[in-house]
Amino acid sequence: MMDGYIGDIKLFAGNFAPKNWMFCQGQLLSIATNTVVFYVLGTRYGGNGTTNFALPDLRSRMPVGAGQGAGLSAYSVGQKGGVETVTLQPNNFPVHSHTLPNVGMNCYTGYGNTDVPFNNYPARIPGKNMYATTMPSGTTMPTVQSVQQTSSAGADTLTPINLIQPVLAINFIICVQGQLPISTI
């Protein structure tokens, strides 16, 4: 038995809506045949308010409490918000720079004899090859100059990123026949 107040919304794992309940899929209902449900919901979720009104549409949506919590956004009953993806723009990132210190590096004093860096060392006199298989002799290569600012080498294509938390789809159902809730206002 699933008695409820008209307008109650519950999660339901079945693939059907039980008797006296409907899926929360934004469907339009006739006011003439659903006057009590219209009395509770009004047009908060859509409809023209003359001949029809809409049930809440919770497909692919997460409900949030109405009102405003401390330091949080304000939401009115029936208000939708949020997006599934966002495209970050260059101005979403703070301006910043990377400073490289002036550094020297020990190297082999002769000509390089390989172009393979793995397990080899920089050569002081690069020719065709800039690495040497001989251990550095203590000679220092010229100093690398400081670089004050670098920029991104990324692509110019802006790609949306996903904002969806891990989810499990389940049906929301709303009571359309049951006890009429009594307002305390």
# chains A, B, ... in the order shown; residues from 1 in each chain; ligands from 1
call {"tool": "select_by_dssp", "arguments": {"residues": "range 43-87 of chain A", "states": "strand (DSSP E)", "output": "PyMOL selection string"}}
result
chain A and resi 52-54+67-68+74-75+85-86
call {"tool": "write_last_selection", "arguments": {"atoms": "N, CA and C atoms", "output": "short mmCIF file (atom, residue, chain, number, x, y, z; two decimals), in the first residue's frame"}}
result
data_model
loop_
_atom_site.label_atom_id
_atom_site.label_comp_id
_atom_site.auth_asym_id
_atom_site.auth_seq_id
_atom_site.Cartn_x
_atom_site.Cartn_y
_atom_site.Cartn_z
N ASN A 52 -4.28 23.57 -18.29
CA ASN A 52 -3.35 22.51 -17.91
C ASN A 52 -2.28 23.01 -16.95
N PHE A 53 -1.56 22.07 -16.38
CA PHE A 53 -0.42 22.34 -15.50
C PHE A 53 0.54 21.16 -15.67
N ALA A 54 1.77 21.34 -15.23
CA ALA A 54 2.78 20.30 -15.43
C ALA A 54 3.21 19.68 -14.11
N GLY A 67 14.87 27.56 -1.09
CA GLY A 67 15.36 28.53 -0.12
C GLY A 67 16.83 28.80 -0.35
N GLN A 68 17.48 29.38 0.67
CA GLN A 68 18.89 29.70 0.55
C GLN A 68 19.61 29.36 1.84
N ALA A 74 20.27 30.81 -3.85
CA ALA A 74 18.84 30.74 -3.51
C ALA A 74 18.09 30.06 -4.64
N TYR A 75 17.16 29.18 -4.30
CA TYR A 75 16.30 28.50 -5.28
C TYR A 75 14.86 28.59 -4.83
N THR A 85 27.71 20.27 -18.60
CA THR A 85 29.09 20.51 -19.02
C THR A 85 29.35 22.01 -19.01
N VAL A 86 30.61 22.37 -18.97
CA VAL A 86 31.02 23.77 -19.06
C VAL A 86 32.28 23.83 -19.90
#
call {"tool": "residues_around", "arguments": {"residues": "Ile9 in chain A", "least_positions_apart": "3", "cutoff": "7 Å", "atoms": "only C-alpha atoms", "output": "list in words"}}
result
Phe172, Ile173, Ile174 and Cys175 of chain A
call {"tool": "atom_distance", "arguments": {"atom1": "CA of Gln177 in chain A", "atom2": "CA of Leu29 in chain A"}}
result
13.4 Å
call {"tool": "closest_residue", "arguments": {"among": "A:Asn120, A:Asn106, A:Thr43, A:Thr134", "to": "Gln79 in chain A", "atoms": "only C-alpha atoms"}}
result
A:Thr43
call {"tool": "residues_around", "arguments": {"residues": "Gly81 in chain A", "least_positions_apart": "6", "cutoff": "10 Å", "atoms": "only C-alpha atoms", "output": "list in words"}}
result
Arg61, Met62, Val64 and Tyr75 of chain A
call {"tool": "atom_distance", "arguments": {"atom1": "CA of Arg59 in chain A", "atom2": "CA of Gln25 in chain A"}}
result
6.1 Å
call {"tool": "residues_around", "arguments": {"residues": "Val167 in chain A", "least_positions_apart": "2", "cutoff": "10 Å", "atoms": "only C-alpha atoms", "output": "JSON, numbers by chain"}}
result
{"A": [60, 62, 164, 165, 169, 170]}
call {"tool": "select_by_dssp", "arguments": {"residues": "chain A", "states": "alpha helix (DSSP H)", "output": "list in words"}}
result
Thr35, Val36, Val37, Phe38, Tyr39, Val40 and Leu41 of chain A
call {"tool": "atom_distance", "arguments": {"atom1": "CA of Leu41 in chain A", "atom2": "CA of Gly7 in chain A"}}
result
7.0 Å
call {"tool": "residues_around", "arguments": {"residues": "Pro122 in chain A", "least_positions_apart": "2", "cutoff": "8 Å", "atoms": "only C-alpha atoms", "output": "list in words"}}
result
Asn106, Cys107, Tyr108, Gly112, Pro117, Asn120, Arg124, Met130, Tyr131, Ala132 and Pro136 of chain A
call {"tool": "write_last_selection", "arguments": {"atoms": "N, CA and C atoms", "output": "mmCIF file, in the first residue's frame"}}
result
data_model
loop_
_atom_site.group_PDB
_atom_site.id
_atom_site.type_symbol
_atom_site.label_atom_id
_atom_site.label_comp_id
_atom_site.auth_asym_id
_atom_site.auth_seq_id
_atom_site.Cartn_x
_atom_site.Cartn_y
_atom_site.Cartn_z
ATOM 1 N N ASN A 106 76.761 20.493 -15.686
ATOM 2 C CA ASN A 106 78.000 19.811 -16.051
ATOM 3 C C ASN A 106 77.791 19.005 -17.317
ATOM 4 N N CYS A 107 78.834 18.959 -18.165
ATOM 5 C CA CYS A 107 78.713 18.238 -19.420
ATOM 6 C C CYS A 107 80.063 17.640 -19.826
ATOM 7 N N TYR A 108 80.048 16.782 -20.802
ATOM 8 C CA TYR A 108 81.257 16.201 -21.387
ATOM 9 C C TYR A 108 81.922 17.293 -22.217
ATOM 10 N N GLY A 112 79.648 15.604 -29.036
ATOM 11 C CA GLY A 112 78.661 14.564 -28.787
ATOM 12 C C GLY A 112 78.829 13.422 -29.771
ATOM 13 N N PRO A 117 69.257 10.698 -25.683
ATOM 14 C CA PRO A 117 69.497 11.235 -24.350
ATOM 15 C C PRO A 117 69.515 10.177 -23.246
ATOM 16 N N ASN A 120 72.728 8.901 -21.250
ATOM 17 C CA ASN A 120 73.859 9.646 -21.788
ATOM 18 C C ASN A 120 73.884 11.029 -21.160
ATOM 19 N N ARG A 124 79.452 19.359 -24.467
ATOM 20 C CA ARG A 124 79.754 20.794 -24.528
ATOM 21 C C ARG A 124 79.791 21.269 -25.975
ATOM 22 N N MET A 130 74.116 15.711 -29.886
ATOM 23 C CA MET A 130 74.274 16.617 -28.745
ATOM 24 C C MET A 130 74.495 15.906 -27.414
ATOM 25 N N TYR A 131 74.569 14.582 -27.420
ATOM 26 C CA TYR A 131 74.811 13.820 -26.194
ATOM 27 C C TYR A 131 76.090 13.015 -26.338
ATOM 28 N N ALA A 132 76.673 12.698 -25.183
ATOM 29 C CA ALA A 132 77.899 11.900 -25.173
ATOM 30 C C ALA A 132 77.707 10.703 -24.267
ATOM 31 N N PRO A 136 80.231 13.382 -17.597
ATOM 32 C CA PRO A 136 80.646 14.787 -17.577
ATOM 33 C C PRO A 136 81.994 14.976 -16.897
#
call {"tool": "residues_around", "arguments": {"residues": "Ile182 in chain A", "least_positions_apart": "2", "cutoff": "10 Å", "atoms": "only C-alpha atoms", "output": "list in words"}}
result
Tyr5, Val40, Gln179, Leu180, Thr184 and Ile185 of chain A
call {"tool": "write_last_selection", "arguments": {"atoms": "C-alpha atoms", "output": "JSON list (two decimals), in the first residue's frame"}}
result
[["chain", "number", "residue", "atom", "x", "y", "z"],
["A", 5, "TYR", "CA", -0.21, 13.10, 0.42],
["A", 40, "VAL", "CA", -1.32, 21.58, -4.61],
["A", 179, "GLN", "CA", -4.76, 12.58, 1.17],
["A", 180, "LEU", "CA", -5.00, 16.30, 0.58],
["A", 184, "THR", "CA", -0.50, 25.52, 8.06],
["A", 185, "ILE", "CA", -0.20, 28.98, 6.52]]
